[in-house]
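Below: data30.cif (mmCIF, C-alpha atoms)
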```cif
data_protein
loop_
_atom_site.label_atom_id
_atom_site.label_comp_id
_atom_site.auth_asym_id
_atom_site.auth_seq_id
_atom_site.Cartn_x
_atom_site.Cartn_y
_atom_site.Cartn_z
CA MET A 1 15.14 20.17 -16.89
CA GLU A 2 18.54 20.64 -18.44
CA THR A 3 21.82 18.78 -18.48
CA THR A 4 24.88 20.53 -17.16
CA ALA A 5 27.16 21.76 -19.97
CA THR A 6 29.78 19.09 -20.63
CA ALA A 7 31.54 17.57 -23.63
CA PRO A 8 29.07 16.06 -26.14
CA THR A 9 30.11 12.48 -25.40
CA ASP A 10 29.72 13.07 -21.66
CA ARG A 11 26.31 14.62 -22.21
CA ALA A 12 25.18 11.66 -24.30
CA LEU A 13 26.41 9.28 -21.62
CA ALA A 14 24.72 11.34 -18.90
CA ILE A 15 21.41 11.24 -20.79
CA LYS A 16 21.76 7.50 -21.29
CA LYS A 17 22.51 6.90 -17.61
CA LYS A 18 19.69 9.23 -16.51
CA LYS A 19 17.23 7.28 -18.67
CA ALA A 20 18.53 4.04 -17.14
CA LEU A 21 18.09 5.47 -13.62
CA ASP A 22 14.51 6.53 -14.38
CA ALA A 23 13.70 3.18 -15.98
CA SER A 24 15.16 1.33 -13.00
CA PHE A 25 13.03 3.38 -10.58
CA PHE A 26 9.88 2.79 -12.67
CA LYS A 27 10.49 -0.97 -12.93
CA LYS A 28 11.23 -1.21 -9.21
CA GLY A 29 7.94 0.57 -8.45
CA ILE A 30 6.03 -1.88 -10.62
CA ALA A 31 7.82 -4.86 -9.06
CA ILE A 32 6.96 -3.60 -5.57
CA ALA A 33 3.32 -3.09 -6.62
CA ALA A 34 3.23 -6.66 -7.96
CA LEU A 35 4.74 -7.87 -4.67
CA SER A 36 1.91 -6.12 -2.80
CA SER A 37 -0.62 -8.14 -4.80
CA ILE A 38 1.23 -11.43 -4.29
CA MET A 39 1.59 -10.82 -0.55
CA TYR A 40 -2.07 -9.82 -0.30
CA ALA A 41 -2.91 -13.14 -1.97
CA LEU A 42 -0.85 -15.08 0.60
CA TYR A 43 -2.40 -13.04 3.43
CA THR A 44 -5.88 -13.91 2.13
CA ALA A 45 -5.08 -17.61 1.76
CA PHE A 46 -3.58 -17.95 5.23
CA VAL A 47 -6.14 -15.82 7.05
CA THR A 48 -8.83 -17.96 5.39
CA GLY A 49 -6.94 -21.14 6.27
CA GLY A 50 -6.57 -20.07 9.90
CA GLN A 51 -10.35 -20.00 10.22
CA LEU A 52 -10.61 -23.67 9.22
CA PHE A 53 -8.62 -25.08 12.15
CA GLY A 54 -8.73 -25.38 15.95
CA VAL A 55 -11.18 -23.19 17.84
CA TRP A 56 -12.26 -21.53 14.58
CA GLY A 57 -13.41 -24.85 13.16
CA ASN A 58 -15.34 -25.49 16.38
CA TRP A 59 -17.00 -22.06 16.29
CA PHE A 60 -18.00 -22.16 12.64
CA GLY A 61 -19.17 -25.77 13.08
CA ALA A 62 -21.33 -25.02 16.11
CA LEU A 63 -22.82 -21.65 15.12
CA ALA A 64 -25.38 -21.01 12.40
CA SER A 65 -23.83 -19.40 9.33
CA THR A 66 -26.32 -16.53 9.58
CA SER A 67 -25.74 -15.84 13.28
CA LEU A 68 -24.52 -12.38 14.21
CA VAL A 69 -21.40 -13.85 15.80
CA VAL A 70 -20.41 -15.60 12.58
CA VAL A 71 -21.28 -12.66 10.33
CA PHE A 72 -19.86 -9.79 12.37
CA ILE A 73 -17.85 -10.82 15.41
CA LEU A 74 -15.61 -13.65 14.20
CA PRO A 75 -14.46 -11.87 11.00
CA THR A 76 -13.60 -8.79 13.07
CA ILE A 77 -11.62 -10.94 15.50
CA ALA A 78 -9.81 -12.67 12.61
CA SER A 79 -8.96 -9.31 11.10
CA GLY A 80 -7.85 -7.93 14.48
CA ILE A 81 -5.63 -10.92 15.26
CA ASN A 82 -4.08 -10.81 11.79
CA ASP A 83 -3.35 -7.09 12.01
CA THR A 84 -2.03 -7.32 15.60
CA LEU A 85 0.39 -10.11 14.67
CA SER A 86 1.25 -8.13 11.54
CA ALA A 87 2.05 -5.11 13.74
CA ILE A 88 4.33 -7.30 15.88
CA TRP A 89 6.20 -8.45 12.74
CA ALA A 90 6.48 -4.86 11.55
CA THR A 91 7.75 -3.65 14.93
CA LEU A 92 10.37 -6.41 15.07
CA VAL A 93 11.66 -5.40 11.63
CA THR A 94 11.62 -1.72 12.63
CA LEU A 95 13.71 -2.63 15.68
CA LYS A 96 16.12 -4.72 13.60
CA GLN A 97 16.56 -1.85 11.12
CA GLY A 98 17.28 0.58 13.96
CA LYS A 99 14.29 2.76 13.07
CA ILE A 100 12.33 2.51 16.32
CA ALA A 101 13.27 6.05 17.40
CA ASP A 102 12.13 7.38 14.01
CA LEU A 103 8.84 5.51 14.54
CA GLY A 104 8.18 7.58 17.67
CA ARG A 105 9.24 10.80 15.96
CA CYS A 106 7.01 10.12 12.93
CA ILE A 107 3.93 9.30 15.04
CA ALA A 108 4.25 12.74 16.64
CA SER A 109 4.43 14.51 13.26
CA LYS A 110 1.74 15.66 10.81
CA PRO A 111 2.55 12.98 8.18
CA GLY A 112 2.44 10.41 11.01
CA ARG A 113 -1.01 11.60 12.08
CA ILE A 114 -2.13 11.40 8.44
CA VAL A 115 -0.96 7.76 8.27
CA ILE A 116 -2.81 7.04 11.52
CA LEU A 117 -6.00 8.53 10.05
CA ALA A 118 -5.55 6.72 6.72
CA ALA A 119 -4.88 3.47 8.56
CA PHE A 120 -7.99 3.82 10.69
CA ILE A 121 -10.11 4.65 7.63
CA GLY A 122 -8.66 1.83 5.49
CA GLY A 123 -8.27 -0.65 8.35
CA PRO A 124 -11.04 -0.95 10.96
CA ILE A 125 -13.65 1.29 9.29
CA ALA A 126 -13.35 -0.23 5.80
CA SER A 127 -13.09 -3.77 7.18
CA ALA A 128 -16.19 -3.37 9.33
CA ALA A 129 -18.11 -1.73 6.47
CA TYR A 130 -17.08 -4.52 4.10
CA VAL A 131 -17.99 -7.30 6.52
CA ILE A 132 -21.45 -5.82 7.07
CA ALA A 133 -21.82 -5.12 3.34
CA LEU A 134 -21.14 -8.79 2.56
CA SER A 135 -23.72 -9.86 5.10
CA GLN A 136 -26.38 -7.47 3.79
CA ALA A 137 -25.79 -7.39 0.04
CA GLY A 138 -24.05 -10.75 -0.42
CA THR A 139 -21.40 -11.00 -3.08
CA LEU A 140 -22.79 -7.92 -4.86
CA ALA A 141 -20.61 -6.06 -2.38
CA VAL A 142 -17.44 -7.48 -3.98
CA PRO A 143 -17.56 -5.71 -7.37
CA ILE A 144 -18.64 -2.46 -5.68
CA ALA A 145 -15.61 -2.64 -3.38
CA ALA A 146 -13.44 -3.30 -6.46
CA LEU A 147 -14.00 0.34 -7.42
CA ASN A 148 -11.35 1.39 -4.89
CA PRO A 149 -8.44 1.86 -7.38
CA ALA A 150 -10.57 4.24 -9.45
CA ILE A 151 -11.55 6.21 -6.34
CA GLY A 152 -7.91 6.37 -5.21
CA ALA A 153 -6.76 7.66 -8.61
CA ILE A 154 -9.48 10.34 -8.71
CA LEU A 155 -8.68 11.47 -5.17
CA SER A 156 -4.96 11.68 -6.03
CA ARG A 157 -5.83 13.89 -8.97
CA ILE A 158 -7.88 16.19 -6.74
CA LEU A 159 -5.70 16.21 -3.62
CA TYR A 160 -2.18 15.86 -5.02
CA LYS A 161 -2.53 16.95 -8.66
CA GLN A 162 -1.31 13.57 -9.92
CA PRO A 163 -1.73 13.15 -13.71
CA LEU A 164 -4.94 11.47 -14.83
CA GLY A 165 -5.28 11.64 -18.61
CA PRO A 166 -7.71 9.78 -20.87
CA ARG A 167 -5.33 6.82 -21.33
CA VAL A 168 -4.96 6.30 -17.56
CA ILE A 169 -8.72 6.70 -17.04
CA ALA A 170 -9.36 4.09 -19.75
CA GLY A 171 -6.89 1.73 -18.06
CA ILE A 172 -8.54 2.20 -14.67
CA VAL A 173 -11.99 1.54 -16.16
CA ILE A 174 -10.68 -1.71 -17.70
CA CYS A 175 -9.19 -2.74 -14.31
CA VAL A 176 -12.48 -1.99 -12.55
CA ILE A 177 -14.34 -4.05 -15.16
CA ALA A 178 -11.92 -6.92 -14.42
CA GLY A 179 -12.66 -6.58 -10.69
CA VAL A 180 -16.39 -6.57 -11.38
CA MET A 181 -16.05 -9.67 -13.60
CA ILE A 182 -14.36 -11.59 -10.76
CA GLY A 183 -16.73 -10.24 -8.14
CA SER A 184 -19.74 -11.19 -10.21
CA THR A 185 -18.87 -14.91 -10.10
CA GLY A 186 -20.67 -15.34 -6.81
CA LEU A 187 -23.77 -13.38 -7.71
CA THR A 188 -27.01 -15.19 -6.93
CA GLY A 189 -29.47 -12.60 -8.17
CA GLU A 190 -31.31 -12.70 -4.84
CA ALA A 191 -32.17 -9.29 -3.39
CA ALA A 192 -31.58 -9.45 0.34
CA PRO A 193 -33.69 -7.19 2.60
CA GLY A 194 -30.68 -5.04 3.56
CA MET A 195 -29.42 -4.72 -0.01
CA ALA A 196 -29.40 -0.91 -0.17
CA LEU A 197 -27.53 -0.63 3.15
CA GLY A 198 -25.11 -3.34 2.03
CA LEU A 199 -24.32 -1.67 -1.29
CA GLY A 200 -23.92 1.69 0.44
CA LEU A 201 -21.45 0.18 2.90
CA ALA A 202 -19.57 -1.59 0.08
CA LEU A 203 -19.19 1.79 -1.60
CA LEU A 204 -18.03 3.23 1.73
CA ALA A 205 -15.39 0.46 1.95
CA ALA A 206 -14.23 1.27 -1.60
CA LEU A 207 -14.05 4.96 -0.69
CA CYS A 208 -12.08 4.17 2.49
CA TRP A 209 -9.57 1.99 0.64
CA GLY A 210 -9.27 4.60 -2.10
CA ILE A 211 -8.53 7.26 0.52
CA GLU A 212 -6.00 5.01 2.24
CA GLY A 213 -4.15 4.15 -0.97
CA CYS A 214 -4.01 7.76 -2.09
CA VAL A 215 -3.21 9.41 1.26
CA GLY A 216 -0.98 6.59 2.55
CA GLY A 217 1.02 6.62 -0.68
CA TYR A 218 1.55 10.37 -0.54
CA ALA A 219 2.57 10.20 3.12
CA THR A 220 5.12 7.52 2.17
CA SER A 221 6.89 10.11 0.02
CA MET A 222 7.75 11.72 3.37
CA ILE A 223 7.73 8.85 5.87
CA ASP A 224 9.95 5.77 5.46
CA SER A 225 7.62 3.01 4.18
CA GLN A 226 8.72 0.62 6.94
CA ILE A 227 7.71 3.15 9.59
CA ALA A 228 4.48 4.07 7.80
CA ILE A 229 3.35 0.46 7.69
CA ASN A 230 4.38 -0.15 11.29
CA ILE A 231 2.05 2.70 12.27
CA ARG A 232 -0.64 1.36 9.93
CA GLN A 233 -0.70 -2.16 11.35
CA LEU A 234 -0.55 -0.96 14.97
CA VAL A 235 -3.54 1.32 14.36
CA SER A 236 -5.47 -1.34 12.46
CA GLY A 237 -4.82 -4.12 14.96
CA ILE A 238 -5.63 -2.01 18.00
CA GLY A 239 -8.56 -0.33 16.22
CA ASN A 240 -10.16 -3.65 15.29
CA LEU A 241 -9.80 -5.27 18.72
CA ILE A 242 -10.25 -2.24 21.02
CA ILE A 243 -12.75 -0.10 19.11
CA VAL A 244 -14.61 -1.96 16.35
CA LEU A 245 -15.03 -5.28 18.17
CA PRO A 246 -16.69 -3.80 21.30
CA ILE A 247 -18.97 -1.61 19.16
CA LEU A 248 -20.07 -4.51 16.95
CA THR A 249 -20.47 -6.75 19.99
CA LEU A 250 -22.81 -4.29 21.69
CA VAL A 251 -24.73 -3.55 18.45
CA CYS A 252 -25.21 -7.30 17.95
CA GLY A 253 -26.47 -7.67 21.51
CA GLY A 254 -23.54 -9.78 22.65
CA THR A 255 -21.35 -9.45 25.72
CA LEU A 256 -17.82 -8.08 25.78
CA ALA A 257 -16.78 -10.99 28.00
CA GLN A 258 -17.83 -13.47 25.34
CA SER A 259 -16.11 -11.59 22.50
CA TYR A 260 -12.84 -11.23 24.37
CA THR A 261 -13.00 -14.87 25.40
CA TYR A 262 -13.04 -15.64 21.67
CA VAL A 263 -10.04 -13.33 21.21
CA ALA A 264 -8.06 -15.00 24.02
CA GLN A 265 -8.88 -18.48 22.74
CA ALA A 266 -7.91 -17.53 19.17
CA PHE A 267 -4.57 -16.06 20.27
CA THR A 268 -3.69 -19.18 22.29
CA ASP A 269 -4.90 -21.80 19.82
CA GLY A 270 -1.68 -23.24 18.41
CA SER A 271 -3.16 -25.00 15.39
CA SER A 272 -4.73 -21.85 13.95
CA VAL A 273 -2.58 -19.01 15.29
CA ILE A 274 0.36 -20.21 13.20
CA PHE A 275 -1.73 -19.44 10.11
CA PHE A 276 -2.43 -15.94 11.44
CA ALA A 277 1.29 -15.44 12.13
CA VAL A 278 2.01 -16.20 8.45
CA SER A 279 -0.94 -14.13 7.21
CA GLY A 280 0.18 -11.27 9.45
CA ALA A 281 3.69 -11.35 7.96
CA ALA A 282 2.22 -11.38 4.44
CA ALA A 283 -0.15 -8.52 5.31
CA TYR A 284 2.76 -6.47 6.65
CA LEU A 285 4.73 -6.97 3.42
CA SER A 286 1.63 -6.39 1.29
CA PHE A 287 0.60 -3.08 2.84
CA MET A 288 4.18 -1.82 2.99
CA SER A 289 4.62 -2.59 -0.71
CA TRP A 290 1.23 -1.03 -1.48
CA TYR A 291 2.07 2.29 0.17
CA ARG A 292 5.59 2.30 -1.29
CA ALA A 293 4.43 1.42 -4.80
CA ASN A 294 1.72 4.09 -4.74
CA ALA A 295 4.40 6.61 -3.77
CA MET A 296 6.83 5.42 -6.47
CA CYS A 297 4.39 4.76 -9.36
CA GLY A 298 1.62 7.21 -8.57
CA THR A 299 -1.71 6.11 -7.09
CA ALA A 300 -3.38 5.15 -10.39
CA LEU A 301 -0.73 2.63 -11.46
CA GLY A 302 0.15 1.44 -7.95
CA MET A 303 -3.46 0.71 -7.01
CA ALA A 304 -4.25 -0.85 -10.39
CA ILE A 305 -1.39 -3.34 -10.04
CA ASN A 306 -2.25 -3.98 -6.40
CA GLY A 307 -5.85 -4.48 -7.56
CA THR A 308 -4.82 -7.71 -9.30
CA TYR A 309 -5.40 -9.22 -5.84
CA THR A 310 -8.98 -9.77 -7.04
CA PHE A 311 -7.43 -12.60 -9.08
CA THR A 312 -4.26 -13.51 -7.14
CA ALA A 313 -6.04 -13.82 -3.78
CA PRO A 314 -8.58 -16.49 -4.83
CA PHE A 315 -5.84 -18.08 -6.98
CA ALA A 316 -3.45 -18.43 -4.01
CA THR A 317 -6.31 -19.60 -1.79
CA TRP A 318 -7.17 -22.29 -4.36
CA ILE A 319 -3.51 -23.40 -4.58
CA ILE A 320 -2.84 -23.44 -0.83
CA LEU A 321 -6.18 -24.51 0.63
CA GLY A 322 -7.60 -26.38 -2.36
CA LEU A 323 -4.70 -28.15 -4.06
CA VAL A 324 -2.12 -28.40 -1.24
CA MET A 325 -4.40 -28.90 1.78
CA GLY A 326 -7.27 -30.66 0.00
CA PHE A 327 -10.18 -28.45 1.03
CA ASP A 328 -13.10 -28.26 -1.42
CA GLY A 329 -14.80 -25.13 -2.68
CA TYR A 330 -11.85 -22.92 -3.60
CA ALA A 331 -11.58 -23.62 -7.35
CA LEU A 332 -11.58 -20.52 -9.55
CA ALA A 333 -14.43 -19.82 -11.94
CA PRO A 334 -13.30 -19.70 -15.61
CA ILE A 335 -14.26 -16.00 -15.81
CA ALA A 336 -11.58 -15.23 -13.19
CA TRP A 337 -8.85 -16.25 -15.66
CA VAL A 338 -10.35 -14.06 -18.37
CA ALA A 339 -10.67 -11.19 -15.90
CA ALA A 340 -7.00 -11.55 -14.96
CA ILE A 341 -6.01 -10.97 -18.60
CA VAL A 342 -8.40 -8.00 -18.83
CA ASN A 343 -6.81 -6.62 -15.65
CA LEU A 344 -3.31 -6.89 -17.11
CA ILE A 345 -4.45 -5.07 -20.28
CA GLY A 346 -5.78 -2.25 -18.08
CA ILE A 347 -2.54 -2.05 -16.10
CA PHE A 348 -0.49 -2.02 -19.28
CA LEU A 349 -2.58 0.86 -20.61
CA ILE A 350 -2.03 2.86 -17.39
CA ALA A 351 1.70 2.16 -17.29
CA VAL A 352 2.68 2.51 -20.93
CA ASN A 353 1.57 4.86 -23.68
CA PRO A 354 1.04 2.61 -26.73
CA MET A 355 2.04 5.58 -28.92
CA ASP A 356 5.51 5.50 -27.32
CA LEU A 357 5.91 1.88 -28.38
CA LEU A 358 4.89 2.75 -31.94
CA LYS A 359 7.39 5.62 -31.94
CA LYS A 360 10.14 3.33 -30.70
CA ASP A 361 9.35 0.81 -33.41
CA GLY A 362 9.49 3.53 -36.02
CA GLU A 363 12.85 4.82 -34.91
CA MET B 1 16.07 15.36 15.81
CA LEU B 2 13.97 14.84 12.67
CA PRO B 3 13.45 11.44 11.01
CA LEU B 4 15.95 11.00 8.14
CA ASN B 5 13.44 11.47 5.31
CA TYR B 6 12.07 14.62 6.94
CA ALA B 7 15.59 16.06 7.31
CA MET B 8 16.25 15.26 3.64
CA LEU B 9 13.15 17.16 2.52
CA LYS B 10 13.76 20.04 4.94
CA TYR B 11 17.20 20.49 3.37
CA PHE B 12 15.51 21.64 0.16
CA THR B 13 13.54 24.36 1.94
CA CYS B 14 16.73 26.29 2.66
CA HIS B 15 19.03 25.29 -0.24
CA ASP B 16 18.59 26.20 -3.89
CA GLU B 17 19.68 22.90 -5.38
CA ALA B 18 21.22 19.62 -4.30
CA CYS B 19 21.97 16.07 -5.42
CA ALA B 20 21.93 12.97 -3.21
CA ASP B 21 25.65 13.40 -2.42
CA ASP B 22 25.09 17.01 -1.30
CA VAL B 23 22.24 16.00 1.02
CA MET B 24 24.25 13.12 2.47
CA GLU B 25 27.26 15.36 3.03
CA ALA B 26 25.08 17.86 4.89
CA LEU B 27 23.32 15.23 7.02
CA LYS B 28 26.17 12.81 7.71
CA GLY B 29 26.97 14.32 11.08
CA GLU B 30 23.66 13.22 12.59
CA TYR B 31 22.46 10.45 10.30
CA SER B 32 25.48 8.48 9.03
CA SER B 33 24.67 5.59 11.40
CA PHE B 34 21.14 5.17 9.97
CA THR B 35 20.58 2.02 7.89
CA ALA B 36 18.78 4.08 5.23
CA PHE B 37 21.73 6.46 4.94
CA THR B 38 23.10 4.94 1.73
CA LYS B 39 23.38 6.51 -1.70
CA PRO B 40 20.87 4.16 -3.44
CA LYS B 41 18.27 4.59 -0.69
CA MET B 42 18.71 8.34 -0.51
CA GLN B 43 18.50 8.58 -4.32
CA GLU B 44 15.30 6.51 -4.28
CA ALA B 45 13.83 8.71 -1.53
CA LEU B 46 14.61 11.80 -3.62
CA MET B 47 13.03 10.28 -6.72
CA THR B 48 9.93 9.32 -4.70
CA ALA B 49 9.65 12.87 -3.36
CA GLU B 50 10.02 14.18 -6.91
CA LYS B 51 7.35 11.77 -8.18
CA ASN B 52 4.96 13.21 -5.60
CA GLY B 53 5.74 16.82 -6.45
CA LEU B 54 7.53 17.72 -3.21
CA ILE B 55 10.70 18.62 -5.12
CA SER B 56 11.60 18.95 -8.84
CA GLU B 57 14.50 17.81 -10.94
CA SER B 58 16.60 20.79 -12.02
CA ARG B 59 19.49 19.25 -14.00
CA PHE B 60 21.79 16.24 -14.23
CA ASP B 61 25.37 15.49 -15.18
CA LEU B 62 28.10 12.93 -14.54
CA ASP B 63 30.12 12.94 -11.34
CA GLY B 64 33.86 12.30 -11.14
CA ALA B 65 33.29 8.54 -11.15
CA GLY B 66 31.20 8.74 -14.32
CA GLU B 67 27.90 8.11 -12.51
CA VAL B 68 24.84 10.19 -13.26
CA ARG B 69 24.19 12.91 -10.68
CA VAL B 70 20.67 14.34 -10.53
CA TYR B 71 20.06 17.73 -8.93
CA TYR B 72 16.76 18.64 -7.28
CA SER B 73 15.26 21.88 -6.06
CA ALA B 74 12.07 23.09 -4.39
CA ASP B 75 10.21 26.20 -5.54
CA GLN B 76 8.34 28.36 -3.06
CA GLU B 77 5.10 26.36 -3.35
CA GLN B 78 6.98 23.12 -2.76
CA ARG B 79 8.85 24.65 0.18
CA ASP B 80 5.54 25.77 1.66
CA THR B 81 4.11 22.27 1.20
CA ILE B 82 7.11 20.64 2.89
CA ASN B 83 7.00 23.16 5.73
CA SER B 84 3.27 22.62 6.20
CA TYR B 85 3.85 18.89 6.79
CA ILE B 86 7.19 18.99 8.56
CA LYS B 87 7.74 21.61 11.27
#
```

Once more with this new file: its structure as structure tokens, please.
Amino acid sequence: METTATAPTDRALAIKKKKALDASFFKKGIAIAALSSIMYALYTAFVTGGQLFGVWGNWFGALASTSLVVVFILPTIASGINDTLSAIWATLVTLKQGKIADLGRCIASKPGRIVILAAFIGGPIASAAYVIALSQAGTLAVPIAALNPAIGAILSRILYKQPLGPRVIAGIVICVIAGVMIGSTGLTGEAAPGMALGLGLALLAALCWGIEGCVGGYATSMIDSQIAINIRQLVSGIGNLIIVLPILTLVCGGTLAQSYTYVAQAFTDGSSVIFFAVSGAAAYLSFMSWYRANAMCGTALGMAINGTYTFTAPFATWIILGLVMGFDGYALAPIAWVAAIVNLIGIFLIAVNPMDLLKKDGE
Amino acid sequence: MLPLNYAMLKYFTCHDEACADDVMEALKGEYSSFTAFTKPKMQEALMTAEKNGLISESRFDLDGAGEVRVYYSADQEQRDTINSYIK
């Protein structure tokens, strides 16, 4: 690219201001990616907290922890309620911003259909796969699912020709190692009977989230991020409650009447639904920031920064549920703190070329 | 009527080069009431599109107010990509 011919002083000023504009855009992208991680942490803390109160407390207290309802049905309902309330928040903001007509226009377009597909893959399909993976493979599913930033970066290289040099690959590998370190804290070493299925589904969840981050981010370079995330949460909420829940209910041998009674009770339970309202708002902000950051920073950096949720989510849960509300069992393992530092080193390596810093020092 | 971002990208499929001011001038008739129709938001949308390879930076200079003005363009491959997504 060239600068337009002007007086030397003007050209120098133009170059200076162009560098400042680029730096501002880069920093804003990183800040938005960090916001996505922080909001994901709040979403996790409040969606976990919601399941400790009211009807949820009764259900988890009365049902065996290994029952199909506890393992498959209730998590799907929690996810569906969160995403539905999140979609309501998103729609209200879309209305307030005067973008509701654009929402309809975007849904009818090719980028809109791509967001719908990405949302369904990363929402209901990945969530269901992850829930089943956790039940079959235990916490071994967690580090496998933490591969999703690496998958997203590779897919962006293949699909959208985004740069993926050795430095970025090294940074992603370090971030994945950090995710595996945190995920490994709950490992028991016991091989469950459905281990292979569980690990396969955990990999499927990672693949789904990688696809969503890559494709959703690219679509957000065309669709307004507010509209993209409105579509995403509508699809995810409806998909969880209208498609995934009935399928899981029938596979588990339950009745639809029972499952939707749970849904109705959860929506009308004042003591817990307030938590889901907060988690839904946080999820809306988190996913919007995630898509937007991936579009602004590129998938590799955006997903790596978002991937710090492997630390921030249990950290926020410990602060809110453990320290503030006094529930036991949410303290972080020491390795999580070490992993957080490892994660930051990986992100730094993706974002900044250390050689550039050396050059700057030498100048 | 296209969504604002779509109209912004479509502009580059039939114009050789434009900065944020040029795009806003061309679209103000239909889109000036949109909340996203501001210079900073339009500039950010252009930079996001450039980051994702939908358009490319062609040159930059200073405008009359001394602010940097970045020009973008779309080559044939980029125009084809935009047209394949946005009809």

Could you tell me which of B:Arg59, B:Lys28, B:Lys41, B:Lys87 comes closest to chain A if we count only C-alpha atoms?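 The shortest atom-to-atom distance to chain A comes from B:Arg59.
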
With a cut-off of 7 Å and counting only C-alpha atoms, select all residues of chain B in contact with chain A and give the selection as a list in words.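 Close enough to count are Pro3, Asn5, Tyr6, Thr35, Thr48, Ala49, Lys51, Asn52, Glu57, Ser58, Arg59, Phe60, Asp61, Leu62, Val68, Tyr85 and Ile86 of chain B.
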
Using C-alpha atoms, can you export the residues from the last selection as a PDB file, in the coordinates of the input?
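And here is the file that came out, selection23.pdb:
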```pdb
ATOM      1  CA  PRO B   3      13.450  11.440  11.010  1.00  0.00           C
ATOM      2  CA  ASN B   5      13.440  11.470   5.310  1.00  0.00           C
ATOM      3  CA  TYR B   6      12.070  14.620   6.940  1.00  0.00           C
ATOM      4  CA  THR B  35      20.580   2.020   7.890  1.00  0.00           C
ATOM      5  CA  THR B  48       9.930   9.320  -4.700  1.00  0.00           C
ATOM      6  CA  ALA B  49       9.650  12.870  -3.360  1.00  0.00           C
ATOM      7  CA  LYS B  51       7.350  11.770  -8.180  1.00  0.00           C
ATOM      8  CA  ASN B  52       4.960  13.210  -5.600  1.00  0.00           C
ATOM      9  CA  GLU B  57      14.500  17.810 -10.940  1.00  0.00           C
ATOM     10  CA  SER B  58      16.600  20.790 -12.020  1.00  0.00           C
ATOM     11  CA  ARG B  59      19.490  19.250 -14.000  1.00  0.00           C
ATOM     12  CA  PHE B  60      21.790  16.240 -14.230  1.00  0.00           C
ATOM     13  CA  ASP B  61      25.370  15.490 -15.180  1.00  0.00           C
ATOM     14  CA  LEU B  62      28.100  12.930 -14.540  1.00  0.00           C
ATOM     15  CA  VAL B  68      24.840  10.190 -13.260  1.00  0.00           C
ATOM     16  CA  TYR B  85       3.850  18.890   6.790  1.00  0.00           C
ATOM     17  CA  ILE B  86       7.190  18.990   8.560  1.00  0.00           C
TER      18      ILE B  86
END
```

Which is closest to Asp63 in chain B among B:Thr81, B:Cys19, B:Ser33, B:Gln76, if we use only C-alpha atoms? B:Cys19

Give me the residues near Pro124 in chain A as number ranges by chain, where near means some atom within 7 Å (using all atoms listed in the file) and where sequence neighbours in that chain fewer than 5 positions away do not count. A: 236, 239-240, 244

Interatomic distance between CA of Cys208 in chain A and CA of Thr94 in chain A? 26.4 Å

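Here CA of Thr76 in chain A stands at a distance of 10.8 Å from CA of Ile247 in chain A.
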
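Evaluated against this file, the PyMOL selection byres ((chain A and resi 164) around 12) yields Ala150, Ile151, Gly152, Ala153, Ile154, Leu155, Ser156, Arg157, Ile158, Tyr160, Lys161, Gln162, Pro163, Gly165, Pro166, Arg167, Val168, Ile169, Ala170, Gly171, Ile172, Gly298, Thr299, Ala300, Leu301, Ile350 and Ala351 of chain A.
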
One decimal, in Å: what's the spacing between CA of Pro149 in chain A and CA of Asn82 in chain A?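 About the pair CA of Pro149 in chain A and CA of Asn82 in chain A: they are 23.4 Å apart.
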
Could you spell out the hits of the PyMOL selection byres ((chain B and resi 72) around 12) on the shown file, as a PyMOL selection string? (chain A and resi 1-2) or (chain B and resi 8-9+11-13+15-23+43+45-51+53-60+69-71+73-75+78)
